[in-house]
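Novice: The following file, run_25.txt, comprises compact mmCIF, C-alpha atoms:
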# COMPACT_ATOMS: atom_id res chain seq x y z
CA MET U 1 3.80 0.02 7.23
CA THR U 2 3.84 3.09 9.40
CA GLY U 3 1.94 4.38 12.40
CA ARG U 4 2.17 5.52 15.99
CA ARG U 5 2.83 2.94 18.68
CA ARG U 6 -0.26 1.59 20.40
CA THR U 7 -1.11 -1.40 22.53
CA ARG U 8 -0.58 -4.47 20.36
CA THR U 9 -3.83 -6.17 19.49
CA THR U 10 -2.64 -8.60 16.83
CA LEU U 11 0.31 -10.87 16.40
CA LEU U 12 2.10 -11.91 13.23
CA PRO U 13 1.05 -14.25 11.76
CA ILE U 14 -2.71 -13.98 12.29
CA ARG U 15 -4.67 -17.18 11.70
CA THR U 16 -8.00 -16.58 13.43
CA ARG U 17 -9.57 -13.84 11.34
CA PRO U 18 -11.31 -16.05 8.73
CA ARG U 19 -13.32 -17.89 11.40
CA ARG U 20 -14.09 -14.64 13.17
CA ALA U 21 -15.28 -13.00 9.98
CA THR U 22 -17.63 -15.93 9.32
CA VAL U 23 -19.05 -15.77 12.82
CA LEU U 24 -19.58 -12.03 12.66
CA SER U 25 -21.17 -12.13 9.23
CA THR U 26 -23.45 -15.00 10.20
CA ALA U 27 -24.48 -13.26 13.41
CA ALA U 28 -25.22 -10.00 11.61
CA LEU U 29 -27.33 -11.74 8.98
CA ALA U 30 -29.21 -13.77 11.57
CA ALA U 31 -29.95 -10.71 13.66
CA CYS U 32 -31.33 -8.81 10.70
CA ALA U 33 -33.38 -11.79 9.55
CA SER U 34 -35.08 -12.09 12.92
CA LEU U 35 -35.50 -8.35 13.50
CA ALA U 36 -36.24 -7.18 9.99
CA ALA U 37 -38.39 -4.30 11.09
CA GLY U 38 -35.68 -2.84 13.31
CA CYS U 39 -32.68 -3.71 11.18
CA GLY U 40 -33.83 -2.53 7.80
CA ALA U 41 -31.76 -3.64 4.80
CA ILE U 42 -28.89 -6.02 5.46
CA PRO U 43 -25.61 -4.09 4.99
CA GLY U 44 -24.15 -4.66 1.53
CA ALA U 45 -27.19 -6.56 0.27
CA THR U 46 -28.92 -3.80 -1.67
CA GLY U 47 -26.46 -0.90 -1.94
CA GLY U 48 -25.74 -1.51 -5.62
CA SER U 49 -28.96 -3.16 -6.74
CA GLY U 50 -31.60 -1.72 -9.03
CA ASP U 51 -30.92 1.20 -11.36
CA GLY U 52 -29.39 3.58 -8.82
CA PRO U 53 -25.72 4.42 -8.57
CA ILE U 54 -23.13 1.86 -7.48
CA THR U 55 -21.68 3.25 -4.27
CA VAL U 56 -18.12 2.58 -3.08
CA MET U 57 -15.77 4.28 -0.64
CA THR U 58 -12.11 5.33 -0.76
CA TRP U 59 -10.27 6.59 2.31
CA ALA U 60 -6.81 7.89 3.18
CA PRO U 61 -5.15 10.26 5.66
CA GLU U 62 -4.95 13.94 4.75
CA GLN U 63 -3.45 17.00 6.45
CA THR U 64 -1.77 15.09 9.27
CA GLY U 65 1.70 15.28 10.78
CA SER U 66 2.57 11.83 9.46
CA THR U 67 2.07 10.03 6.13
CA ASN U 68 -0.62 11.62 3.92
CA LYS U 69 -2.20 10.24 0.75
CA PRO U 70 -4.61 12.93 -0.50
CA GLY U 71 -4.15 11.80 -4.08
CA MET U 72 -5.96 8.53 -3.47
CA PRO U 73 -9.45 9.87 -2.63
CA ALA U 74 -8.94 12.72 -5.09
CA PHE U 75 -8.16 10.29 -7.89
CA ALA U 76 -11.10 8.06 -6.90
CA LYS U 77 -13.44 11.03 -7.36
CA ALA U 78 -11.81 11.84 -10.71
CA TYR U 79 -12.17 8.23 -11.79
CA ALA U 80 -15.88 8.29 -10.97
CA ARG U 81 -16.33 11.45 -13.03
CA TRP U 82 -14.48 9.81 -15.92
CA VAL U 83 -16.49 6.59 -15.72
CA ASN U 84 -19.78 8.46 -15.54
CA ALA U 85 -18.79 10.66 -18.49
CA HIS U 86 -18.23 7.49 -20.52
CA GLY U 87 -21.47 5.65 -19.79
CA GLY U 88 -20.89 4.41 -16.23
CA LEU U 89 -20.15 0.86 -15.11
CA SER U 90 -22.37 -1.48 -17.10
CA GLY U 91 -24.65 1.48 -17.68
CA ARG U 92 -24.85 2.48 -13.97
CA LYS U 93 -23.43 5.62 -12.38
CA LEU U 94 -20.50 5.19 -10.00
CA LYS U 95 -20.68 7.10 -6.71
CA VAL U 96 -17.50 7.43 -4.64
CA VAL U 97 -17.73 8.39 -0.98
CA THR U 98 -14.42 9.52 0.55
CA CYS U 99 -13.20 9.63 4.15
CA ASN U 100 -10.16 11.06 5.96
CA ASP U 101 -8.81 8.53 8.46
CA HIS U 102 -6.48 11.20 9.95
CA ASN U 103 -3.81 8.55 10.67
CA ASP U 104 -5.83 7.69 13.74
CA SER U 105 -7.36 4.39 14.79
CA VAL U 106 -10.61 5.97 15.98
CA ALA U 107 -11.04 7.92 12.75
CA ALA U 108 -10.26 4.78 10.72
CA ALA U 109 -13.02 2.93 12.58
CA LYS U 110 -15.39 5.83 11.87
CA CYS U 111 -14.60 5.58 8.15
CA ALA U 112 -15.54 1.89 8.24
CA ASN U 113 -18.76 2.67 10.11
CA THR U 114 -19.61 5.27 7.48
CA ALA U 115 -19.03 2.65 4.77
CA VAL U 116 -21.59 0.41 6.48
CA LYS U 117 -24.04 3.27 7.04
CA ASP U 118 -23.78 4.33 3.38
CA ASP U 119 -24.27 0.72 2.29
CA VAL U 120 -21.23 0.70 0.00
CA VAL U 121 -20.57 -2.40 -2.06
CA ALA U 122 -16.79 -2.17 -1.55
CA VAL U 123 -13.99 -0.05 -0.14
CA VAL U 124 -11.63 0.50 -3.07
CA GLY U 125 -8.05 1.80 -3.39
CA SER U 126 -7.54 3.04 0.17
CA TYR U 127 -4.75 3.68 2.69
CA SER U 128 -4.85 3.27 6.46
CA GLN U 129 -2.33 2.21 9.04
CA TYR U 130 -5.04 0.75 11.29
CA GLY U 131 -6.31 -2.47 9.77
CA ASP U 132 -7.39 -3.78 13.17
CA SER U 133 -9.69 -0.77 13.54
CA TYR U 134 -11.55 -0.94 10.23
CA LEU U 135 -11.39 -4.53 8.96
CA PRO U 136 -13.54 -6.14 11.70
CA THR U 137 -16.33 -3.67 10.88
CA LEU U 138 -16.09 -4.38 7.16
CA GLU U 139 -15.97 -8.12 7.84
CA SER U 140 -19.10 -8.06 9.99
CA ALA U 141 -20.95 -6.20 7.22
CA GLY U 142 -19.52 -8.39 4.46
CA ILE U 143 -17.94 -5.43 2.64
CA PRO U 144 -14.86 -6.32 0.54
CA TYR U 145 -11.69 -4.22 0.86
CA ILE U 146 -10.18 -4.07 -2.63
CA GLY U 147 -6.71 -2.75 -3.31
CA GLY U 148 -5.57 -1.45 0.04
CA TYR U 149 -2.13 0.14 0.00
CA GLY U 150 -0.57 -2.87 1.72
CA VAL U 151 0.52 -0.95 4.78
CA THR U 152 -0.64 -3.41 7.47
CA THR U 153 -0.39 -7.14 8.07
CA ALA U 154 -4.18 -7.33 8.46
CA GLU U 155 -4.59 -6.53 4.76
CA PHE U 156 -2.82 -9.79 3.95
CA THR U 157 -4.78 -11.91 6.42
CA SER U 158 -8.42 -10.80 6.28
CA PRO U 159 -10.61 -12.98 4.05
CA LEU U 160 -12.40 -9.83 2.86
CA SER U 161 -9.19 -8.10 1.78
CA TYR U 162 -8.13 -8.29 -1.87
CA PRO U 163 -4.68 -6.64 -2.08
CA VAL U 164 -3.32 -5.77 -5.52
CA ASN U 165 0.33 -5.48 -4.48
CA GLY U 166 2.72 -7.14 -2.05
CA GLY U 167 2.88 -4.22 0.38
CA GLN U 168 6.06 -3.34 2.20
CA PRO U 169 6.92 -7.03 2.77
CA SER U 170 7.69 -7.52 -0.93
CA LEU U 171 9.36 -4.13 -1.35
CA LEU U 172 11.78 -4.72 1.52
CA ALA U 173 12.46 -8.35 0.64
CA GLY U 174 13.34 -7.42 -2.93
CA LEU U 175 15.45 -4.47 -1.87
CA GLY U 176 17.35 -6.60 0.63
CA ARG U 177 18.09 -9.24 -1.99
CA GLU U 178 19.38 -6.60 -4.40
CA LEU U 179 21.61 -4.90 -1.82
CA ALA U 180 23.07 -8.05 -0.28
CA ALA U 181 25.99 -8.31 -2.69
CA GLY U 182 27.02 -4.67 -2.72
CA CYS U 183 26.48 -3.37 0.80
CA GLY U 184 28.42 -3.65 4.00
CA PRO U 185 26.39 -3.16 7.18
CA VAL U 186 22.76 -2.24 6.42
CA ALA U 187 20.81 0.09 8.73
CA LEU U 188 17.01 0.18 8.50
CA ILE U 189 15.33 3.33 9.81
CA ARG U 190 11.67 2.54 10.42
CA PRO U 191 8.75 3.84 12.49
CA ASP U 192 8.57 3.11 16.19
CA SER U 193 5.13 1.58 15.75
CA ILE U 194 3.27 -1.71 15.64
CA ALA U 195 3.35 -1.75 11.85
CA GLY U 196 7.00 -0.74 11.87
CA ASP U 197 7.85 -3.72 14.06
CA GLU U 198 7.05 -6.00 11.12
CA LEU U 199 9.54 -4.47 8.68
CA PRO U 200 12.97 -5.77 9.76
CA ALA U 201 12.04 -9.43 9.18
CA MET U 202 11.04 -8.66 5.59
CA LEU U 203 14.25 -6.80 4.77
CA ASP U 204 16.32 -9.46 6.49
CA SER U 205 14.67 -12.19 4.41
CA GLY U 206 16.10 -10.54 1.30
CA LEU U 207 19.51 -9.96 2.85
CA LYS U 208 19.59 -13.58 4.01
CA ALA U 209 18.74 -14.81 0.50
CA GLY U 210 21.83 -12.96 -0.72
CA GLY U 211 24.07 -14.33 2.03
CA HIS U 212 24.18 -11.05 3.98
CA PRO U 213 23.87 -10.61 7.77
CA SER U 214 20.72 -9.10 9.23
CA SER U 215 20.17 -5.37 9.19
CA VAL U 216 20.64 -3.01 12.11
CA ASP U 217 17.10 -2.15 13.24
CA GLN U 218 16.67 1.48 14.25
CA ARG U 219 13.35 2.89 15.43
CA ALA U 220 12.37 6.50 14.88
CA ALA U 221 9.24 8.63 15.32
CA ASP U 222 7.27 9.16 12.11
CA ASP U 223 5.77 12.50 13.15
CA THR U 224 8.82 14.55 14.13
CA THR U 225 10.33 17.56 12.37
CA GLU U 226 13.97 16.45 12.42
CA TYR U 227 15.98 13.24 12.56
CA ALA U 228 19.49 14.31 13.57
CA GLY U 229 19.81 11.60 16.23
CA PRO U 230 18.55 8.68 14.10
CA SER U 231 20.61 9.92 11.15
CA ARG U 232 23.88 9.87 13.09
CA LYS U 233 23.08 6.46 14.57
CA ALA U 234 22.37 5.07 11.10
CA LEU U 235 25.63 6.43 9.71
CA THR U 236 27.59 5.02 12.63
CA ALA U 237 25.99 1.59 12.25
CA SER U 238 26.44 1.44 8.48
CA THR U 239 30.17 2.24 8.70
CA ALA U 240 31.00 -0.41 11.28
CA ASP U 241 32.91 -2.38 8.61
CA PRO U 242 35.55 -0.04 7.11
CA ALA U 243 36.30 -2.54 4.33
CA LYS U 244 32.88 -2.21 2.65
CA LYS U 245 30.45 0.62 1.98
CA GLY U 246 27.42 0.43 4.20
CA CYS U 247 23.83 1.19 3.20
CA VAL U 248 21.10 3.15 4.94
CA ILE U 249 17.43 2.39 4.15
CA PRO U 250 14.84 4.88 5.44
CA ALA U 251 11.31 3.43 5.50
CA LEU U 252 9.34 6.25 7.09
CA GLY U 253 6.69 6.95 4.48
CA ASP U 254 6.18 10.67 3.95
CA ARG U 255 8.68 11.42 6.72
CA THR U 256 11.51 9.85 4.72
CA ASP U 257 12.21 13.20 3.08
CA THR U 258 12.45 14.84 6.51
CA PHE U 259 14.90 12.15 7.60
CA MET U 260 16.99 12.73 4.47
CA ASP U 261 17.31 16.45 5.27
CA SER U 262 19.17 15.49 8.44
CA PHE U 263 20.97 12.61 6.74
CA ARG U 264 22.34 14.83 3.96
CA ARG U 265 23.94 17.18 6.48
CA ASP U 266 25.44 14.42 8.61
CA ARG U 267 26.56 12.39 5.61
CA GLU U 268 29.37 14.83 4.79
CA ASP U 269 31.52 13.01 7.35
CA TYR U 270 30.55 9.59 5.90
CA PRO U 271 30.89 9.90 2.09
CA ALA U 272 31.15 6.13 1.55
CA VAL U 273 27.62 5.37 2.79
CA LYS U 274 25.00 4.53 0.15
CA THR U 275 21.23 4.86 0.37
CA ALA U 276 18.33 2.76 -0.87
CA ALA U 277 14.57 3.05 -0.49
CA THR U 278 11.16 1.66 -1.30
CA LEU U 279 8.83 3.42 -3.71
CA ASP U 280 6.18 4.01 -1.05
CA SER U 281 8.72 6.30 0.65
CA VAL U 282 10.60 7.75 -2.34
CA ASP U 283 9.11 8.55 -5.74
CA GLN U 284 10.12 10.83 -8.61
CA THR U 285 8.53 13.85 -6.97
CA VAL U 286 10.59 13.34 -3.81
CA ILE U 287 13.75 12.89 -5.87
CA ASN U 288 13.06 16.11 -7.79
CA GLU U 289 12.39 18.09 -4.62
CA SER U 290 15.56 16.80 -2.94
CA GLY U 291 17.88 18.04 -5.70
CA GLY U 292 17.56 15.53 -8.54
CA PRO U 293 21.02 14.51 -9.80
CA SER U 294 22.74 16.39 -6.97
CA GLY U 295 20.43 15.03 -4.27
CA PRO U 296 20.99 12.26 -1.72
CA TYR U 297 19.18 9.60 -3.79
CA GLU U 298 21.44 9.70 -6.85
CA GLY U 299 22.63 6.14 -7.52
CA SER U 300 20.17 4.65 -5.01
CA TYR U 301 18.22 1.47 -5.67
CA VAL U 302 14.47 1.82 -5.22
CA SER U 303 12.08 -1.13 -5.14
CA GLY U 304 8.53 -0.64 -6.40
CA TRP U 305 5.37 -2.60 -7.07
CA TYR U 306 4.74 -1.30 -10.55
CA PRO U 307 6.54 -0.19 -13.73
CA VAL U 308 8.21 3.23 -13.87
CA THR U 309 5.81 6.12 -14.42
CA SER U 310 7.08 6.75 -17.96
CA ASP U 311 5.96 3.26 -19.02
CA PRO U 312 3.15 3.45 -21.61
CA ARG U 313 1.09 0.99 -19.54
CA TRP U 314 0.18 3.98 -17.36
CA ASP U 315 -1.29 5.93 -20.29
CA PRO U 316 -4.95 4.97 -19.52
CA MET U 317 -4.56 6.29 -15.97
CA LYS U 318 -2.92 9.48 -17.22
CA LYS U 319 -5.81 9.94 -19.64
CA VAL U 320 -8.27 9.89 -16.73
CA ILE U 321 -6.19 12.48 -14.87
CA LYS U 322 -5.90 14.69 -17.94
CA GLU U 323 -9.63 14.58 -18.67
CA GLN U 324 -10.98 14.89 -15.14
CA ALA U 325 -8.27 16.21 -12.79
CA PHE U 326 -5.97 18.40 -14.86
CA GLY U 327 -4.46 20.96 -12.50
CA ASP U 328 -5.35 19.07 -9.31
CA ASN U 329 -1.96 19.03 -7.60
CA ARG U 330 -3.10 16.37 -5.14
CA ILE U 331 -3.02 13.79 -7.93
CA ASP U 332 0.47 12.84 -9.05
CA PRO U 333 0.67 9.96 -11.57
CA ALA U 334 4.06 9.04 -10.07
CA ASP U 335 2.57 8.55 -6.60
CA ALA U 336 2.31 4.88 -5.62
CA GLY U 337 -0.96 5.63 -3.81
CA VAL U 338 -2.60 7.06 -6.92
CA GLN U 339 -1.28 4.12 -8.95
CA THR U 340 -2.67 1.62 -6.44
CA THR U 341 -6.06 3.34 -6.52
CA TRP U 342 -6.10 3.12 -10.33
CA ILE U 343 -5.36 -0.61 -10.21
CA ALA U 344 -7.94 -1.18 -7.46
CA TYR U 345 -10.66 0.50 -9.53
CA THR U 346 -9.53 -1.50 -12.56
CA VAL U 347 -10.23 -4.62 -10.50
CA PHE U 348 -13.60 -3.31 -9.33
CA LYS U 349 -14.62 -2.37 -12.88
CA ALA U 350 -13.78 -5.89 -14.08
CA VAL U 351 -15.92 -7.40 -11.29
CA VAL U 352 -18.93 -5.21 -12.10
CA GLU U 353 -18.68 -5.97 -15.82
CA SER U 354 -18.46 -9.70 -15.09
CA LEU U 355 -21.75 -9.56 -13.18
CA GLY U 356 -23.72 -8.60 -16.28
CA ASP U 357 -27.38 -8.15 -15.33
CA GLN U 358 -26.90 -9.35 -11.74
CA ASP U 359 -27.27 -6.92 -8.86
CA VAL U 360 -24.01 -5.27 -7.79
CA THR U 361 -23.87 -5.76 -4.02
CA ALA U 362 -21.17 -6.40 -1.45
CA ASP U 363 -22.18 -10.06 -1.53
CA THR U 364 -21.99 -10.45 -5.32
CA VAL U 365 -18.72 -8.53 -5.55
CA ARG U 366 -17.16 -10.65 -2.82
CA LYS U 367 -18.47 -13.91 -4.27
CA THR U 368 -17.15 -13.05 -7.73
CA LEU U 369 -13.68 -12.42 -6.35
CA ASP U 370 -13.75 -15.52 -4.17
CA ASP U 371 -14.88 -17.67 -7.09
CA GLY U 372 -11.63 -16.93 -8.88
CA LEU U 373 -12.31 -14.20 -11.45
CA LYS U 374 -9.00 -13.57 -13.22
CA ILE U 375 -8.38 -9.89 -13.69
CA SER U 376 -5.90 -8.24 -16.05
CA THR U 377 -4.50 -4.84 -15.08
CA GLY U 378 -2.97 -4.10 -18.46
CA GLY U 379 0.43 -5.45 -17.49
CA LEU U 380 0.84 -3.24 -14.41
CA THR U 381 0.65 -6.36 -12.23
CA PRO U 382 0.41 -10.06 -13.00
CA THR U 383 -3.12 -11.35 -13.59
CA LEU U 384 -4.85 -11.09 -10.22
CA SER U 385 -7.04 -13.75 -8.60
CA TRP U 386 -7.85 -14.55 -4.98
CA ALA U 387 -9.53 -17.94 -5.40
CA THR U 388 -6.79 -19.87 -3.61
CA GLU U 389 -4.67 -19.24 -0.55
CA SER U 390 -1.32 -17.56 -1.17
CA PRO U 391 1.87 -19.66 -0.98
CA LEU U 392 2.87 -17.17 1.74
CA ALA U 393 0.12 -18.34 4.11
CA ALA U 394 2.76 -20.21 6.09
CA ILE U 395 4.34 -16.94 7.23
CA GLY U 396 1.02 -15.23 7.88
CA PHE U 397 0.12 -13.68 4.51
CA PRO U 398 -2.65 -15.86 3.03
CA ARG U 399 -4.02 -12.98 0.92
CA LEU U 400 -0.72 -11.87 -0.64
CA VAL U 401 -1.22 -13.06 -4.23
CA ASN U 402 1.10 -10.58 -5.96
CA ALA U 403 4.71 -10.78 -4.82
CA ASP U 404 6.06 -9.22 -8.02
CA LEU U 405 8.07 -6.02 -7.86
CA THR U 406 10.22 -3.81 -10.04
CA LEU U 407 13.75 -2.68 -9.29
CA GLN U 408 14.64 0.87 -10.21
CA ARG U 409 17.65 3.10 -9.77
CA VAL U 410 18.11 6.85 -9.66
CA ARG U 411 20.31 7.88 -12.59
CA GLN U 412 20.86 11.56 -13.37
CA GLY U 413 17.95 12.38 -11.11
CA ARG U 414 15.46 10.06 -12.82
CA LEU U 415 14.03 6.71 -11.76
CA VAL U 416 14.87 4.14 -14.42
CA ALA U 417 14.20 0.42 -14.56
CA VAL U 418 17.17 -1.76 -13.61
CA ASN U 419 15.90 -4.66 -15.72
CA LYS U 420 12.93 -5.55 -17.85
CA GLY U 421 9.86 -7.09 -16.28
CA PHE U 422 9.11 -8.01 -12.71
CA VAL U 423 11.05 -9.81 -10.00
CA ASN U 424 9.06 -12.29 -7.90
CA VAL U 425 10.02 -12.47 -4.23
CA THR U 426 7.70 -15.25 -3.05
CA LYS U 427 10.60 -17.62 -2.31
CA THR U 428 12.51 -14.84 -0.59
CA LEU U 429 9.57 -14.01 1.68
CA GLU U 430 9.05 -17.66 2.53
CA GLY U 431 12.34 -17.45 4.41
CA ALA U 432 11.25 -14.48 6.54
CA ASP U 433 11.56 -15.01 10.30
CA VAL U 434 8.27 -13.55 11.51
CA ASN U 435 8.18 -15.19 14.94
So, in terms of structure tokens, how does the structure I just supplied come out?
Specialist:
Amino acid sequence: MTGRRRTRTTLLPIRTRPRRATVLSTAALAACASLAAGCGAIPGATGGSGDGPITVMTWAPEQTGSTNKPGMPAFAKAYARWVNAHGGLSGRKLKVVTCNDHNDSVAAAKCANTAVKDDVVAVVGSYSQYGDSYLPTLESAGIPYIGGYGVTTAEFTSPLSYPVNGGQPSLLAGLGRELAAGCGPVALIRPDSIAGDELPAMLDSGLKAGGHPSSVDQRAADDTTEYAGPSRKALTASTADPAKKGCVIPALGDRTDTFMDSFRRDREDYPAVKTAATLDSVDQTVINESGGPSGPYEGSYVSGWYPVTSDPRWDPMKKVIKEQAFGDNRIDPADAGVQTTWIAYTVFKAVVESLGDQDVTADTVRKTLDDGLKISTGGLTPTLSWATESPLAAIGFPRLVNADLTLQRVRQGRLVAVNKGFVNVTKTLEGADVN
């Protein structure tokens, strides 16, 4: 959950969005019904009907000074090529429209407006830090948001959001629980942003479950070129107890690697400090580029949403990449964004196939998901279904239906699973102090 600081427009938890979405959708439909000549087709009502292509959208930031996820729209395009080369979805071509949200709230809103204009039946497998900018537009048009990256609280509150993972809340809660027994003081380095403000409570819920004191919360810019100051502060905070090794957790998205450049230099005076991370900030590519076995992540715990990339459950995704995107260096099968996009399109494919001869529209897609279709992702997540409210509704996450994660560790420069299967952190998150 990263982004630049802006005037706060939502509070955690959010409990008003479902009613607002209903009002907006009802108003939009009523307006179009009464002014049919001026309105034209109701958004989402006909975009996938008939024999034409089924149109969806995928968006993510590219070429910005902050977190970038170019692999997500690139993979979405590759997936469409693969589907269409193998007969389409229920015999229909899949058309993917992409958009660059530029890590900017105005651009994110423009992407949502384009989705409405292009009459897409869903936004699938996307990343944006500005849920409050795009979700109201999608809600008013009745367009479902399937498989967002889980980077904002709004993704876990909007009734039209269907997240496939537990976002940073689950990653940090699981990491905190794992580190509680072995770490002294824990310093969290996170963005000085609205989304970043939500992270300490999630990490602390895991630390608390393990009987550990709260973390030291340190804010840092997520669009700077060096982190010497934050690095030294983190090392000082994590060594406050000389009797036990402290831990430093950077949660800065793509800027984590920049932070670690400064941290590695400053760490020479603090050899006892350990590091840990979440998979949305550190993946195998980052570990390789930072020195592998001799890099700063060796021995670190890393929490992730999905199995390690070498797991054979990823073979179908790798097949798509090999057939349709071989040589496209934007698409890395180890990238959590690419993996999330694959799972999101797996969900969408299951929905379309379940509709049979029915029209594929935003309304029918949304209704199918709301009616409780159970969707298998080949073991990459638990069976997904959004028919009922999440047990985490009490802390403001009514749409968080997958609180499973994997725990990995960097050994000899490679991410390896710590244990078999998933760890569920629902109970841990229920103890999060979000007020």
Novice: Which one of U:Thr152, U:Asn424, U:Thr236, U:Ser158 sits closest to Gly304 of chain U if you count all atoms listed in the file?
Specialist: U:Asn424
Novice: Quick one: residues within 10 Å of Ala220 of chain U, only C-alpha atoms, excluding same-chain residues fewer than 4 positions away - as a list of chain:residue names?
Specialist: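 My list of contacting residues is U:Ile189, U:Arg190, U:Pro191, U:Asp192, U:Ser193, U:Gly196, U:Thr224, U:Tyr227, U:Gly229, U:Pro230, U:Ser231, U:Pro250, U:Ala251, U:Leu252, U:Phe259.
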Novice: Write out as a compact mmCIF listing (two decimals) with C-alpha atoms, keeping the file's coordinate frame each polymer residue whose atoms come within 7 Å of segment 130-137 of chain U, counting all atoms listed in the file; drop sequence neighbours fewer than 2 positions from it.
Specialist:
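Saved as out.txt:
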# COMPACT_ATOMS: atom_id res chain seq x y z
CA SER U 105 -7.36 4.39 14.79
CA ALA U 108 -10.26 4.78 10.72
CA ALA U 109 -13.02 2.93 12.58
CA ALA U 112 -15.54 1.89 8.24
CA ASN U 113 -18.76 2.67 10.11
CA SER U 128 -4.85 3.27 6.46
CA GLU U 139 -15.97 -8.12 7.84
CA SER U 140 -19.10 -8.06 9.99
CA ALA U 141 -20.95 -6.20 7.22
CA THR U 152 -0.64 -3.41 7.47
CA ALA U 154 -4.18 -7.33 8.46
CA GLU U 155 -4.59 -6.53 4.76
Novice: Determine, counting all atoms listed in the file, which protein, DNA and RNA residues have an atom within 10 Å of an atom of Asn329 of chain U; residues of the same chain fewer than 3 positions away are not included. Present the result as an NGL selection string.
Specialist: :U and (70-71 or 74 or 325-326 or 332)
Novice: So the first atom is atom CA of Tyr270 of chain U and the second is atom CA of Ala201 of chain U; what is the distance between them in Å, to one decimal place?
Specialist: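 The value is 26.7 Å.
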Novice: So which residues touch segment 355-370 of chain U within 10 Å, counting all atoms listed in the file, skipping near sequence neighbours fewer than 3 positions away, as a PyMOL selection string?
Specialist: chain U and resi 43-51+53-56+90+92+119-123+141-146+159-162+347-348+350-352+373-375+384-388
Novice: Go ahead and dump the residues you just picked, C-alpha atoms, as a PDB file, in the coordinates of the input.
Specialist:
ATOM      1  CA  PRO U  43     -25.610  -4.090   4.990  1.00  0.00           C
ATOM      2  CA  GLY U  44     -24.150  -4.660   1.530  1.00  0.00           C
ATOM      3  CA  ALA U  45     -27.190  -6.560   0.270  1.00  0.00           C
ATOM      4  CA  THR U  46     -28.920  -3.800  -1.670  1.00  0.00           C
ATOM      5  CA  GLY U  47     -26.460  -0.900  -1.940  1.00  0.00           C
ATOM      6  CA  GLY U  48     -25.740  -1.510  -5.620  1.00  0.00           C
ATOM      7  CA  SER U  49     -28.960  -3.160  -6.740  1.00  0.00           C
ATOM      8  CA  GLY U  50     -31.600  -1.720  -9.030  1.00  0.00           C
ATOM      9  CA  ASP U  51     -30.920   1.200 -11.360  1.00  0.00           C
ATOM     10  CA  PRO U  53     -25.720   4.420  -8.570  1.00  0.00           C
ATOM     11  CA  ILE U  54     -23.130   1.860  -7.480  1.00  0.00           C
ATOM     12  CA  THR U  55     -21.680   3.250  -4.270  1.00  0.00           C
ATOM     13  CA  VAL U  56     -18.120   2.580  -3.080  1.00  0.00           C
ATOM     14  CA  SER U  90     -22.370  -1.480 -17.100  1.00  0.00           C
ATOM     15  CA  ARG U  92     -24.850   2.480 -13.970  1.00  0.00           C
ATOM     16  CA  ASP U 119     -24.270   0.720   2.290  1.00  0.00           C
ATOM     17  CA  VAL U 120     -21.230   0.700   0.000  1.00  0.00           C
ATOM     18  CA  VAL U 121     -20.570  -2.400  -2.060  1.00  0.00           C
ATOM     19  CA  ALA U 122     -16.790  -2.170  -1.550  1.00  0.00           C
ATOM     20  CA  VAL U 123     -13.990  -0.050  -0.140  1.00  0.00           C
ATOM     21  CA  ALA U 141     -20.950  -6.200   7.220  1.00  0.00           C
ATOM     22  CA  GLY U 142     -19.520  -8.390   4.460  1.00  0.00           C
ATOM     23  CA  ILE U 143     -17.940  -5.430   2.640  1.00  0.00           C
ATOM     24  CA  PRO U 144     -14.860  -6.320   0.540  1.00  0.00           C
ATOM     25  CA  TYR U 145     -11.690  -4.220   0.860  1.00  0.00           C
ATOM     26  CA  ILE U 146     -10.180  -4.070  -2.630  1.00  0.00           C
ATOM     27  CA  PRO U 159     -10.610 -12.980   4.050  1.00  0.00           C
ATOM     28  CA  LEU U 160     -12.400  -9.830   2.860  1.00  0.00           C
ATOM     29  CA  SER U 161      -9.190  -8.100   1.780  1.00  0.00           C
ATOM     30  CA  TYR U 162      -8.130  -8.290  -1.870  1.00  0.00           C
ATOM     31  CA  VAL U 347     -10.230  -4.620 -10.500  1.00  0.00           C
ATOM     32  CA  PHE U 348     -13.600  -3.310  -9.330  1.00  0.00           C
ATOM     33  CA  ALA U 350     -13.780  -5.890 -14.080  1.00  0.00           C
ATOM     34  CA  VAL U 351     -15.920  -7.400 -11.290  1.00  0.00           C
ATOM     35  CA  VAL U 352     -18.930  -5.210 -12.100  1.00  0.00           C
ATOM     36  CA  LEU U 373     -12.310 -14.200 -11.450  1.00  0.00           C
ATOM     37  CA  LYS U 374      -9.000 -13.570 -13.220  1.00  0.00           C
ATOM     38  CA  ILE U 375      -8.380  -9.890 -13.690  1.00  0.00           C
ATOM     39  CA  LEU U 384      -4.850 -11.090 -10.220  1.00  0.00           C
ATOM     40  CA  SER U 385      -7.040 -13.750  -8.600  1.00  0.00           C
ATOM     41  CA  TRP U 386      -7.850 -14.550  -4.980  1.00  0.00           C
ATOM     42  CA  ALA U 387      -9.530 -17.940  -5.400  1.00  0.00           C
ATOM     43  CA  THR U 388      -6.790 -19.870  -3.610  1.00  0.00           C
TER      44      THR U 388
END
Novice: Please provide the set of residues having any atom within 9 Å of segment 168-170 of chain U, restricted to all atoms listed in the file, with same-chain residues fewer than 2 positions apart removed, written as a list in words.
Specialist: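 Non-adjacent residues within range: Met1, Gly150, Val151, Thr152, Asn165, Gly166, Leu172, Ala173, Gly174, Leu175, Glu198, Leu199, Ala201, Met202, Leu203, Thr278, Asp280, Ser303, Gly304, Trp305, Asn402, Ala403, Asp404, Leu405, Asn424, Val425, Thr426, Thr428 and Leu429 of chain U.
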Novice: In Å, rounded to a single decimal, give me how far atom CA of Leu407 of chain U is from atom CA of Ser262 of chain U.
Specialist: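 Atom CA of Leu407 of chain U lies 26.0 Å from atom CA of Ser262 of chain U.
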